[in-house]
Every structure is written in structure tokens, then in C-alpha cells.
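This is entry-v7.txt. It holds compact mmCIF, C-alpha atoms.
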```
# COMPACT_ATOMS: atom_id res chain seq x y z
CA MET A 27 26.85 -27.92 46.20
CA LEU A 28 28.85 -30.59 44.40
CA ARG A 29 26.93 -30.02 41.18
CA LYS A 30 27.55 -26.28 41.44
CA HIS A 31 31.25 -26.86 41.93
CA LEU A 32 31.43 -29.06 38.85
CA THR A 33 29.63 -26.52 36.65
CA ASP A 34 31.97 -23.80 37.93
CA GLU A 35 34.96 -25.87 36.91
CA ARG A 36 33.63 -26.56 33.43
CA VAL A 37 32.81 -22.88 32.99
CA GLU A 38 36.37 -21.98 33.99
CA VAL A 39 37.88 -24.30 31.39
CA LEU A 40 35.59 -22.86 28.70
CA ILE A 41 36.50 -19.30 29.72
CA ALA A 42 40.22 -20.14 29.60
CA ASN A 43 39.84 -21.49 26.05
CA LEU A 44 37.77 -18.48 25.02
CA LEU A 45 40.45 -16.06 26.27
CA ARG A 46 43.29 -18.01 24.70
CA GLY A 47 41.48 -18.29 21.36
CA GLY A 48 40.59 -14.59 21.35
CA VAL A 49 44.11 -13.38 22.06
CA LEU A 50 45.62 -15.80 19.53
CA THR A 51 43.18 -14.80 16.76
CA ALA A 52 43.74 -11.10 17.51
CA ALA A 53 47.53 -11.51 17.45
CA LEU A 54 47.43 -13.38 14.11
CA VAL A 55 45.25 -10.70 12.48
CA VAL A 56 47.56 -7.96 13.84
CA ILE A 57 50.63 -9.79 12.50
CA ALA A 58 49.00 -10.25 9.07
CA GLY A 59 48.27 -6.52 8.94
CA ALA A 60 51.79 -5.75 10.18
CA ILE A 61 53.41 -7.72 7.34
CA LEU A 62 51.32 -5.80 4.78
CA TYR A 63 52.02 -2.49 6.50
CA LEU A 64 55.79 -2.96 6.85
CA GLY A 65 56.05 -4.33 3.31
CA ALA A 66 54.20 -1.38 1.79
CA HIS A 67 56.42 1.49 2.95
CA PRO A 68 59.31 0.31 5.14
CA ARG A 69 61.46 3.43 4.58
CA ALA A 70 58.79 6.06 5.18
CA HIS A 71 59.46 8.57 7.93
CA VAL A 72 57.45 8.11 11.11
CA SER A 73 56.80 10.35 14.12
CA TYR A 74 54.28 10.22 16.95
CA ARG A 75 55.51 13.42 18.58
CA THR A 76 52.24 15.26 18.08
CA PHE A 77 48.70 13.99 18.45
CA HIS A 78 46.57 14.14 15.29
CA SER A 79 43.88 11.66 16.36
CA GLU A 80 43.05 8.92 13.86
CA PRO A 81 41.14 9.05 10.56
CA GLN A 82 37.39 8.68 11.04
CA GLN A 83 37.26 5.14 9.59
CA LEU A 84 39.74 3.84 12.22
CA LYS A 85 37.76 5.26 15.17
CA SER A 86 34.56 3.17 15.12
CA VAL A 87 33.72 -0.53 15.05
CA THR A 88 31.88 -0.34 11.71
CA GLY A 89 34.56 1.93 10.22
CA VAL A 90 37.39 -0.44 11.17
CA ILE A 91 35.59 -3.51 9.80
CA GLY A 92 34.88 -1.71 6.51
CA GLU A 93 38.49 -0.51 6.23
CA ALA A 94 39.93 -3.97 6.98
CA PHE A 95 37.83 -5.61 4.28
CA THR A 96 39.13 -3.20 1.64
CA GLY A 97 42.56 -4.71 2.41
CA ASN A 98 44.00 -1.59 4.04
CA ALA A 99 46.99 -2.68 6.19
CA ARG A 100 46.35 -0.29 9.08
CA GLY A 101 42.67 -1.24 8.94
CA ILE A 102 43.57 -4.93 9.31
CA ILE A 103 45.82 -4.21 12.33
CA GLN A 104 43.03 -2.14 13.88
CA LEU A 105 40.60 -5.04 13.29
CA GLY A 106 43.01 -7.32 15.20
CA LEU A 107 43.09 -4.83 18.08
CA LEU A 108 39.29 -4.70 17.98
CA LEU A 109 39.16 -8.51 18.26
CA LEU A 110 41.45 -8.18 21.27
CA ILE A 111 39.13 -5.63 22.91
CA ALA A 112 36.18 -7.92 22.13
CA THR A 113 37.80 -10.89 23.92
CA PRO A 114 37.11 -9.81 27.54
CA ILE A 115 33.67 -8.55 26.42
CA ALA A 116 32.89 -12.01 25.03
CA ARG A 117 34.08 -13.46 28.34
CA VAL A 118 31.58 -11.31 30.25
CA ALA A 119 28.77 -12.21 27.80
CA PHE A 120 29.62 -15.86 28.31
CA SER A 121 29.44 -15.40 32.09
CA VAL A 122 25.85 -14.11 31.73
CA VAL A 123 24.94 -17.44 30.16
CA ALA A 124 26.90 -19.39 32.78
CA PHE A 125 25.12 -17.63 35.66
CA ALA A 126 21.79 -18.14 33.87
CA ILE A 127 22.44 -21.91 33.76
CA GLU A 128 23.22 -21.80 37.50
CA GLU A 129 20.02 -19.74 37.97
CA ASP A 130 21.93 -17.16 39.99
CA LYS A 131 19.68 -14.13 39.45
CA MET A 132 21.82 -11.70 41.45
CA TYR A 133 24.92 -12.46 39.40
CA ILE A 134 23.00 -12.37 36.12
CA VAL A 135 22.15 -8.75 37.02
CA PHE A 136 25.74 -7.90 38.09
CA THR A 137 27.17 -9.38 34.90
CA LEU A 138 24.61 -7.57 32.72
CA ILE A 139 25.64 -4.26 34.34
CA VAL A 140 29.31 -4.92 33.47
CA LEU A 141 28.36 -6.00 29.94
CA GLY A 142 26.26 -2.84 29.53
CA VAL A 143 29.20 -0.61 30.53
CA LEU A 144 31.52 -2.41 28.09
CA LEU A 145 29.06 -2.20 25.16
CA TYR A 146 28.35 1.43 25.91
CA SER A 147 32.09 2.21 25.76
CA LEU A 148 32.54 0.42 22.45
CA PHE A 149 29.38 1.49 20.61
CA GLY A 150 27.80 4.42 22.43
CA SER A 151 30.70 6.57 23.53
CA SER A 152 31.43 8.19 20.14
CA THR A 153 28.73 10.76 20.87
CA ILE A 154 30.52 12.13 23.97
CA THR A 155 33.74 14.02 23.49
CA MET B 29 63.64 6.98 12.11
CA ASN B 30 61.88 5.12 9.33
CA VAL B 31 58.93 2.79 9.80
CA LEU B 32 60.99 -0.41 9.91
CA GLU B 33 63.54 0.85 12.49
CA PHE B 34 60.90 2.46 14.68
CA THR B 35 58.63 -0.60 14.66
CA PHE B 36 61.52 -2.93 15.50
CA LEU B 37 62.87 -0.81 18.37
CA VAL B 38 59.41 -0.30 19.91
CA TRP B 39 58.79 -4.04 19.57
CA ALA B 40 62.09 -4.90 21.29
CA GLY B 41 61.49 -2.39 24.09
CA SER B 42 57.96 -3.69 24.66
CA LEU B 43 59.22 -7.27 24.68
CA LEU B 44 61.71 -6.40 27.43
CA ALA B 45 59.07 -4.49 29.41
CA GLY B 46 56.63 -7.40 29.17
CA PHE B 47 59.33 -9.91 30.08
CA LEU B 48 60.55 -8.03 33.17
CA GLY B 49 57.00 -7.14 34.17
CA ALA B 50 55.90 -10.77 34.20
CA LEU B 51 59.12 -12.06 35.77
CA THR B 52 58.99 -9.61 38.68
CA GLY B 53 55.20 -9.60 39.01
CA LEU B 54 55.21 -5.81 38.78
CA GLY B 55 53.41 -5.74 35.42
CA GLY B 56 54.83 -4.57 32.11
CA GLY B 57 52.16 -2.00 31.33
CA VAL B 58 53.34 0.38 33.98
CA VAL B 59 56.72 1.03 32.28
CA LEU B 60 55.38 1.16 28.70
CA VAL B 61 54.04 4.71 28.77
CA PRO B 62 57.29 6.19 30.18
CA LEU B 63 59.27 4.07 27.70
CA LEU B 64 57.26 5.35 24.74
CA THR B 65 57.03 8.99 25.83
CA ILE B 66 60.55 9.52 27.24
CA PHE B 67 62.65 7.35 24.89
CA PHE B 68 60.60 7.27 21.69
CA HIS B 69 59.09 10.79 21.98
CA VAL B 70 55.57 9.46 21.46
CA ASP B 71 52.67 11.75 22.36
CA LEU B 72 51.17 10.80 25.74
CA ARG B 73 47.73 9.98 24.30
CA TYR B 74 49.08 7.58 21.66
CA ALA B 75 51.30 5.97 24.33
CA ILE B 76 48.37 5.49 26.71
CA GLY B 77 46.26 3.98 23.90
CA ALA B 78 48.96 1.49 22.88
CA SER B 79 49.67 0.57 26.49
CA LEU B 80 46.00 -0.13 27.25
CA VAL B 81 45.73 -2.48 24.26
CA SER B 82 48.77 -4.45 25.43
CA VAL B 83 47.29 -4.68 28.94
CA ILE B 84 44.24 -6.48 27.51
CA ALA B 85 46.52 -8.90 25.64
CA THR B 86 48.66 -9.86 28.64
CA SER B 87 45.76 -10.05 31.07
CA SER B 88 43.68 -12.30 28.84
CA GLY B 89 46.71 -14.45 27.99
CA ALA B 90 47.68 -14.91 31.64
CA ALA B 91 44.10 -15.29 32.90
CA ALA B 92 43.66 -18.22 30.51
CA ALA B 93 46.50 -19.97 32.35
CA TYR B 94 45.35 -19.04 35.87
CA VAL B 95 41.65 -19.79 35.48
CA LYS B 96 42.22 -23.53 35.14
CA GLU B 97 44.23 -23.68 38.40
CA GLY B 98 41.04 -22.86 40.30
CA PHE B 99 42.42 -19.93 42.33
CA SER B 100 40.48 -17.08 40.79
CA ASN B 101 37.01 -16.37 42.17
CA ILE B 102 34.65 -15.48 39.32
CA ARG B 103 31.97 -14.01 41.62
CA ILE B 104 34.41 -11.69 43.41
CA GLY B 105 35.80 -10.71 40.00
CA MET B 106 32.42 -10.01 38.44
CA PHE B 107 31.07 -8.09 41.45
CA LEU B 108 34.16 -5.87 41.66
CA GLU B 109 34.20 -5.36 37.88
CA ILE B 110 31.08 -3.22 38.36
CA ALA B 111 33.35 -0.83 40.28
CA THR B 112 36.39 -1.08 37.99
CA THR B 113 34.50 -0.70 34.69
CA LEU B 114 32.48 2.32 35.87
CA GLY B 115 35.73 3.80 37.24
CA ALA B 116 37.46 3.10 33.92
CA LEU B 117 34.73 4.97 32.02
CA LEU B 118 35.23 7.97 34.29
CA GLY B 119 39.03 7.72 33.98
CA ALA B 120 38.91 7.54 30.16
CA TYR B 121 36.58 10.55 30.19
CA LEU B 122 39.04 12.47 32.40
CA THR B 123 41.97 11.70 30.04
CA ALA B 124 40.45 14.11 27.53
CA LYS B 125 39.72 16.78 30.15
CA LEU B 126 43.00 16.91 32.09
CA PRO B 127 46.12 18.55 30.62
CA ALA B 128 48.78 16.04 29.48
CA ASN B 129 51.31 17.36 32.04
CA ALA B 130 48.90 16.71 34.92
CA ILE B 131 48.35 13.15 33.66
CA ALA B 132 52.13 12.66 33.49
CA ILE B 133 52.53 13.79 37.12
CA ILE B 134 49.75 11.44 38.28
CA PHE B 135 51.47 8.70 36.27
CA GLY B 136 54.74 9.39 38.08
CA ILE B 137 53.04 9.13 41.48
CA VAL B 138 51.41 5.81 40.50
CA LEU B 139 54.81 4.47 39.36
CA LEU B 140 56.42 5.38 42.70
CA TYR B 141 53.49 3.87 44.56
CA SER B 142 53.60 0.56 42.66
CA ALA B 143 57.34 0.25 43.33
CA PHE B 144 56.67 0.93 47.03
CA VAL B 145 53.75 -1.52 47.35
CA SER B 146 55.79 -4.36 45.90
CA ARG B 147 58.53 -3.87 48.52
CA ARG B 148 56.20 -3.85 51.51
CA PRO B 149 55.92 -7.12 53.45
CA ARG B 150 52.46 -8.56 53.61
CA GLN B 151 50.67 -9.14 56.88
CA ARG B 152 48.11 -11.82 57.21
CA SER B 153 46.00 -12.12 60.33
CA ALA B 154 45.56 -15.76 61.27
CA VAL B 155 42.54 -15.05 63.46
CA GLU B 156 39.35 -16.66 62.17
CA LYS B 157 36.53 -14.15 62.27
CA PRO B 158 32.85 -14.94 61.66
CA PRO B 159 31.76 -14.43 58.03
CA ASP B 160 30.78 -10.91 57.01
CA PRO B 161 26.98 -10.74 56.41
CA LEU B 162 27.28 -8.57 53.29
CA ALA B 163 29.95 -10.82 51.76
CA THR B 164 27.78 -13.84 52.51
CA LYS B 165 24.74 -12.21 50.92
CA LEU B 166 26.80 -11.45 47.80
CA LYS B 167 28.15 -15.05 47.78
CA LEU B 168 31.76 -13.83 47.73
CA ASN B 169 33.20 -16.37 50.18
CA GLY B 170 34.98 -19.15 48.37
CA SER B 171 37.54 -21.91 48.40
CA PHE B 172 40.65 -22.95 46.51
CA PRO B 173 42.86 -26.04 46.21
CA ASP B 174 45.69 -25.96 48.76
CA ALA B 175 48.46 -28.38 49.75
CA GLY B 176 46.23 -29.88 52.43
CA GLY B 177 43.06 -30.09 50.30
CA ILE B 178 40.33 -27.51 49.69
CA ARG B 179 40.81 -24.32 51.75
CA HIS B 180 37.81 -22.10 52.48
CA TYR B 181 38.06 -18.35 53.01
CA ASN B 182 35.78 -15.51 53.99
CA VAL B 183 35.68 -12.03 52.49
CA TYR B 184 35.42 -8.85 54.61
CA HIS B 185 35.09 -5.06 54.23
CA VAL B 186 33.15 -5.23 50.96
CA PRO B 187 32.38 -1.45 50.69
CA ALA B 188 36.06 -0.53 51.29
CA GLY B 189 37.17 -3.05 48.66
CA PHE B 190 34.57 -1.71 46.22
CA GLY B 191 35.92 1.80 46.80
CA VAL B 192 39.55 0.80 46.19
CA MET B 193 38.44 -0.99 43.01
CA SER B 194 36.66 2.14 41.75
CA ALA B 195 39.93 4.06 42.23
CA ALA B 196 41.86 1.30 40.44
CA GLY B 197 39.39 1.56 37.55
CA ILE B 198 39.74 5.35 37.32
CA LEU B 199 43.55 5.08 37.21
CA SER B 200 43.36 2.31 34.61
CA GLY B 201 41.16 4.43 32.33
CA LEU B 202 43.14 7.61 32.96
CA LEU B 203 46.63 6.17 32.43
CA GLY B 204 46.10 3.15 30.18
CA ILE B 205 47.53 0.73 32.74
CA GLY B 206 46.16 -2.44 34.33
CA SER B 207 46.54 -1.06 37.88
CA GLY B 208 47.03 -4.64 39.06
CA ALA B 209 49.01 -3.49 42.14
CA LEU B 210 46.09 -1.45 43.44
CA LYS B 211 43.59 -4.20 42.63
CA VAL B 212 45.62 -6.67 44.68
CA VAL B 213 45.83 -4.15 47.55
CA GLY B 214 42.04 -3.80 47.47
CA MET B 215 41.44 -7.55 47.64
CA ASP B 216 44.38 -8.74 49.72
CA GLN B 217 44.65 -5.89 52.26
CA ALA B 218 41.13 -4.44 52.39
CA MET B 219 38.93 -7.46 51.76
CA LYS B 220 41.28 -10.03 53.38
CA ILE B 221 41.12 -12.35 50.40
CA PRO B 222 44.03 -14.87 50.29
CA PHE B 223 46.96 -13.49 48.29
CA LYS B 224 46.96 -16.19 45.60
CA VAL B 225 43.22 -15.66 45.02
CA SER B 226 43.73 -11.86 44.94
CA THR B 227 46.49 -11.91 42.33
CA THR B 228 44.78 -14.34 39.97
CA THR B 229 41.36 -12.69 40.31
CA SER B 230 43.00 -9.29 39.77
CA ASN B 231 44.58 -10.55 36.57
CA PHE B 232 41.20 -11.82 35.49
CA MET B 233 39.67 -8.37 36.07
CA ILE B 234 42.38 -6.30 34.38
CA GLY B 235 41.31 -7.23 30.83
CA VAL B 236 37.64 -6.40 31.45
CA THR B 237 38.57 -3.10 33.15
CA ALA B 238 40.82 -2.14 30.24
CA ALA B 239 38.13 -3.07 27.69
CA ALA B 240 35.82 -0.55 29.38
CA SER B 241 38.10 2.36 28.49
CA ALA B 242 39.35 0.89 25.19
CA GLY B 243 36.11 1.74 23.36
CA ILE B 244 36.36 5.38 24.45
CA TYR B 245 40.06 5.50 23.49
CA LEU B 246 39.21 4.08 20.06
CA SER B 247 36.52 6.67 19.36
CA ARG B 248 38.88 9.46 20.45
CA GLY B 249 41.63 8.24 18.11
CA TYR B 250 44.13 7.32 20.86
CA ILE B 251 44.66 3.85 19.39
CA ASP B 252 47.06 4.11 16.45
CA PRO B 253 47.39 0.74 14.70
CA SER B 254 50.99 1.25 13.53
CA LEU B 255 52.17 2.06 17.07
CA ALA B 256 49.95 -0.34 19.02
CA MET B 257 51.00 -3.24 16.77
CA PRO B 258 54.66 -3.62 17.88
CA VAL B 259 53.71 -2.77 21.48
CA MET B 260 51.00 -5.43 21.70
CA ILE B 261 53.00 -8.19 20.00
CA GLY B 262 56.16 -7.33 21.98
CA VAL B 263 54.49 -7.24 25.39
CA LEU B 264 52.49 -10.39 24.69
CA ILE B 265 55.54 -12.46 23.69
CA GLY B 266 57.67 -10.94 26.49
CA SER B 267 55.16 -11.65 29.23
CA LEU B 268 54.55 -15.21 28.02
CA MET B 269 58.33 -15.80 28.17
CA GLY B 270 58.51 -14.19 31.61
CA THR B 271 55.72 -16.36 33.01
CA ARG B 272 57.44 -19.51 31.71
CA ILE B 273 60.79 -18.66 33.31
CA LEU B 274 59.24 -17.36 36.54
CA VAL B 275 58.75 -20.86 37.93
CA LYS B 276 62.44 -21.72 37.70
CA THR B 277 64.21 -18.60 38.97
CA HIS B 278 64.61 -16.52 42.12
CA THR B 279 63.70 -12.98 41.28
CA THR B 280 64.54 -11.06 44.46
CA HIS B 281 67.47 -9.12 42.95
CA LEU B 282 65.73 -8.60 39.65
CA ARG B 283 62.66 -7.27 41.46
CA LEU B 284 64.86 -4.81 43.31
CA VAL B 285 66.52 -3.61 40.09
CA PHE B 286 63.20 -3.35 38.23
CA SER B 287 61.65 -1.47 41.19
CA GLY B 288 64.60 0.94 40.94
CA VAL B 289 63.93 1.44 37.22
CA ILE B 290 60.26 2.10 37.97
CA VAL B 291 61.18 4.72 40.60
CA LEU B 292 63.52 6.49 38.16
CA LEU B 293 60.90 6.48 35.38
CA GLY B 294 58.32 7.77 37.88
CA LEU B 295 60.56 10.66 38.92
CA GLU B 296 61.34 11.47 35.27
CA MET B 297 57.61 11.54 34.40
CA MET B 298 56.91 13.87 37.34
CA ILE B 299 59.81 16.24 36.59
CA LYS B 300 59.06 16.37 32.87
CA GLY B 301 55.37 16.88 33.62
CA ALA B 302 56.07 19.65 36.16
CA ARG B 303 58.23 21.44 33.56
CA GLY B 304 55.42 21.24 31.00
CA GLY B 305 57.29 18.81 28.76
CA PHE B 306 54.25 16.82 27.58
```
As C-alpha cells:
Amino acid sequence: MLRKHLTDERVEVLIANLLRGGVLTAALVVIAGAILYLGAHPRAHVSYRTFHSEPQQLKSVTGVIGEAFTGNARGIIQLGLLLLIATPIARVAFSVVAFAIEEDKMYIVFTLIVLGVLLYSLFGSSTIT
Amino acid sequence: MNVLEFTFLVWAGSLLAGFLGALTGLGGGVVLVPLLTIFFHVDLRYAIGASLVSVIATSSGAAAAYVKEGFSNIRIGMFLEIATTLGALLGAYLTAKLPANAIAIIFGIVLLYSAFVSRRPRQRSAVEKPPDPLATKLKLNGSFPDAGGIRHYNVYHVPAGFGVMSAAGILSGLLGIGSGALKVVGMDQAMKIPFKVSTTTSNFMIGVTAAASAGIYLSRGYIDPSLAMPVMIGVLIGSLMGTRILVKTHTTHLRLVFSGVIVLLGLEMMIKGARGGF
């Protein structure tokens, strides 16, 4: 019982650092993209009154990564947002490992279900409309 | 408005929303969508997308602080996330199917409800009941550090809590909000989990719930980088400031004022939605 409590505590500290690091990295990437974006065309007219959806390359994980590495400002911001979305997913993936170390089979299954839903949303949902 | 003006004003508005949300404990996400749609004339889908992204940022940022205090229960969180993430998938799916005006009306109702929930006094039964067999089987009962040492607690009404969490997930995916108020109701009221454990565990779950609909939002093109950027940075900085100041101030009056603002925004969303303004 004592050993379990100690592992739980260590896991919690690691999770806290993971979350903090993820949000910080995401925010820095978004800010870098923002500086490029605002510097490029500060006086352009902008309106979000009507919904046009986004260009294809900003709507998928692979598209966003490709766009960001060509140096496109909006692509870099979108990559930062993607890192942000990935942060809680990484937290869940980490929990799978933590429950595996504790040999808690029931919670390994629960956590894998949650992870499956998250990965489906990010990678598999583009086929449904 | 040009890009620079628009970005700055949205950033400032989001900062204020995040600040007041954290300070009053009512959450900043819930006022973002009305702020963007009513004052900045942003299309509802773009507003929901930007709001959801900021919810992930604040939840993860705050959870990092809470987790170390030892209040949040990772097993309760993970078990209930099965309900919230599946609900969020369904909610995000419904966002594309329902007309924007219907979503706006639902949004208004949720705003009124969250203002109402925050004003209601909490009741806590002091009677010690025997542990619930299902909760014991799922290893949900836990403990947390209290003034007088480690305090143990039991969890009850697991199916009811699971149901409330599914609803919270659906609303989160449908409206791009954290639905923290409903999550706390599910844990605190239905499952009889101590309030401090409920709020911190809820915060822990919000980011994961939001991530479940974020992928679908992304593939539908609801997440516009140029709009989500000032919203995310503004809310993140605002809520971090709010959490810092929270410890030092009494927020009763501010809560009342902010609840009033939420009620007004809720009514405006409902009226505008009923008139077909979205």
C-alpha cells in the first residue's frame, strides 16, 4: 500500500511536468507563428463572419506538419495548436505506462479505451463528415 | 478591422475572460463563444473551435498546478474520461448536424445553468455510509491530504455519475466548452466525492475531454489558426493571472457580477438564436 502510494505520487509529479512542458512548448510555437503572421500583413482586412472551413493542408496532422516546415506562418500557429491538443493525449499515453508499472490490468484497459478514442478523433475522423 | 487591430482586441477580450473565469471559478471558456460571436461577429463554428483550443490550454496549465497537491484522483478521472471522451465524440459529430441557431440556444441554456449552479449552496451529508461495492471494485475510493492528516473518502452512485459525465462530454464537444460546472456536479453531487477532489479531478479531465473533440474540429476546419492564436494566448495568460490572485482576494461580489454577465450573455445567445441570427 505504501509502495503504491509512493509510485502514485511520483507519477503525479511527472504528469504535472509533462502538462506544463506541453502547454509551454505549444504557446511558444504559437507565438513564433503569430509574430511571423502579424509581421507579414498587419493591415490586411479580416472577417470571420462567414464560415469557409480551412484549406486542406491545415485540416490534418500530416498537412499541418508539412505546412509548418515550409515556414508558412498560419501553418506554424496550427502546429502549436496541434502540440497543445497532443498534450492531454500524451498524458493519457503516459498513464497507460504508469498503470502497467503498477500492474493494474483493469486501468490499463480503461486508459487504452480513452487513448483509442483520442487517437481516433485526431487521425481517423477525417473520413466521417 | 485590420489584422493587427482584430488580433489585439480578441487577445485583450480573451485575457479578461480567462482572468475573470479563473478568479471566480466559473471558467473562462463559457463566455468566449458569446464574446466572439456577439461582439466580434465571428461565425459560431470558428468561435467554438477557438474556444475549445483555449479550454485545453487552461485545463492543462491548471492541472499541472493541482496534480502536485495530491487532491485529484487519477483513477476516478481516467474511469470517467471513458464517458466524457465518448460523449465529446458524439457532441462534435452533432455540431455539424444541428443548425447553428439551435446550438446557440443550447449554449444560452448552458450559460444560464452554469450561473445558477455556482450560486446554489452545497449540501454535504456527514453520515458515513458503507462503501459502494461497484466503486470498490473499480478502485475509485481514495484519500487526500487534509488539515488533520490523510482523509479517506468513498465514492457512490457510479452509474449516475457516469451518465452525468457522458452528458458533460456531449456538451463539451457540441459547444467547445470545458463543461467543468457539470463535471463537478456529477462528482460532487451525484458520486459524493469531496468538493476539493471533484474540482481538481474535473480540471484534470477537461483537457482530455476537449482533446477528444479537437481532432474532429480540426478535420472539419473549425480551428482557424489566426483566430485561435489570440484566444489561446489571451485565455492562458488571463487564467494564470487569475489563479495567482485568487488566493489573496475575496471574490463574492465579483462572482455575483460575473454570474450576472453570464446570465445576460446566455439570454442574448438564446434570443439571437431564436431569431435566426447565427
TODO: Provide as number ranges by chain the residues of chain B at most 8 Å from chain A, counting all atoms listed in the file.
DONE: B: 29-32, 34, 69-71, 73-74, 81, 84-85, 88-89, 91-93, 95-96, 98, 103, 106-107, 109-110, 113-114, 117, 124, 235-236, 239-244, 246-254, 257, 261
TODO: Enter the distance from atom CA of B:Leu64 to atom CA of B:Ala50, in Å, rounded to one decimal.
DONE: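 Separating atom CA of B:Leu64 from atom CA of B:Ala50 is a distance of 18.7 Å.
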TODO: Show which residues sit within 10 Å of B:Gly262, as a ChimeraX atom specification. Count only C-alpha atoms, and ignore same-chain residues fewer than 3 positions away.
DONE: /B:36,38-47,82,256-259,265-267
Residues from the last selection, C-alpha atoms, saved as a PDB file, in the frame of the given file:
```pdb
ATOM      1  CA  PHE B  36      61.520  -2.930  15.500  1.00  0.00           C
ATOM      2  CA  VAL B  38      59.410  -0.300  19.910  1.00  0.00           C
ATOM      3  CA  TRP B  39      58.790  -4.040  19.570  1.00  0.00           C
ATOM      4  CA  ALA B  40      62.090  -4.900  21.290  1.00  0.00           C
ATOM      5  CA  GLY B  41      61.490  -2.390  24.090  1.00  0.00           C
ATOM      6  CA  SER B  42      57.960  -3.690  24.660  1.00  0.00           C
ATOM      7  CA  LEU B  43      59.220  -7.270  24.680  1.00  0.00           C
ATOM      8  CA  LEU B  44      61.710  -6.400  27.430  1.00  0.00           C
ATOM      9  CA  ALA B  45      59.070  -4.490  29.410  1.00  0.00           C
ATOM     10  CA  GLY B  46      56.630  -7.400  29.170  1.00  0.00           C
ATOM     11  CA  PHE B  47      59.330  -9.910  30.080  1.00  0.00           C
ATOM     12  CA  SER B  82      48.770  -4.450  25.430  1.00  0.00           C
ATOM     13  CA  ALA B 256      49.950  -0.340  19.020  1.00  0.00           C
ATOM     14  CA  MET B 257      51.000  -3.240  16.770  1.00  0.00           C
ATOM     15  CA  PRO B 258      54.660  -3.620  17.880  1.00  0.00           C
ATOM     16  CA  VAL B 259      53.710  -2.770  21.480  1.00  0.00           C
ATOM     17  CA  ILE B 265      55.540 -12.460  23.690  1.00  0.00           C
ATOM     18  CA  GLY B 266      57.670 -10.940  26.490  1.00  0.00           C
ATOM     19  CA  SER B 267      55.160 -11.650  29.230  1.00  0.00           C
TER      20      SER B 267
END
```
Open item on the list: If I take atom CA of B:Ala120 and atom CA of B:Ser200, how far is one from the other in Å, to one decimal?
Closed with: 8.2 Å
Task: Pick from B:Thr52, B:Thr86, B:Ser194, B:Thr164 nearest to B:Tyr181, counting only C-alpha atoms - done: B:Thr164
Task: Residues within 7 Å of B:Asn231, only C-alpha atoms, excluding chain neighbours under 3 positions, as an NGL selection string - done: :B and (87 or 91 or 208 or 227-228 or 234)
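One finds atom CA of B:Gly189 at 12.1 Å from atom CA of B:Leu168.
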- [ ] Point out the residue among B:Ile178, B:Met260, B:Leu122, B:Ile137 with the least atom-to-atom distance to B:Leu292, counting only C-alpha atoms.
- [x]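 The closest residue to B:Leu292 is B:Ile137.
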Just want the 10 Å neighbourhood of B:Leu162, counted on only C-alpha atoms, with same-chain residues fewer than 6 positions away dropped. Output as an mmCIF file with C-alpha atoms, keeping the file's coordinate frame.
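What ended up in around.cif:
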```cif
data_model
loop_
_atom_site.group_PDB
_atom_site.id
_atom_site.type_symbol
_atom_site.label_atom_id
_atom_site.label_comp_id
_atom_site.auth_asym_id
_atom_site.auth_seq_id
_atom_site.Cartn_x
_atom_site.Cartn_y
_atom_site.Cartn_z
ATOM 1 C CA LEU B 168 31.760 -13.830 47.730
ATOM 2 C CA VAL B 183 35.680 -12.030 52.490
ATOM 3 C CA TYR B 184 35.420 -8.850 54.610
ATOM 4 C CA HIS B 185 35.090 -5.060 54.230
ATOM 5 C CA VAL B 186 33.150 -5.230 50.960
ATOM 6 C CA PRO B 187 32.380 -1.450 50.690
#
```
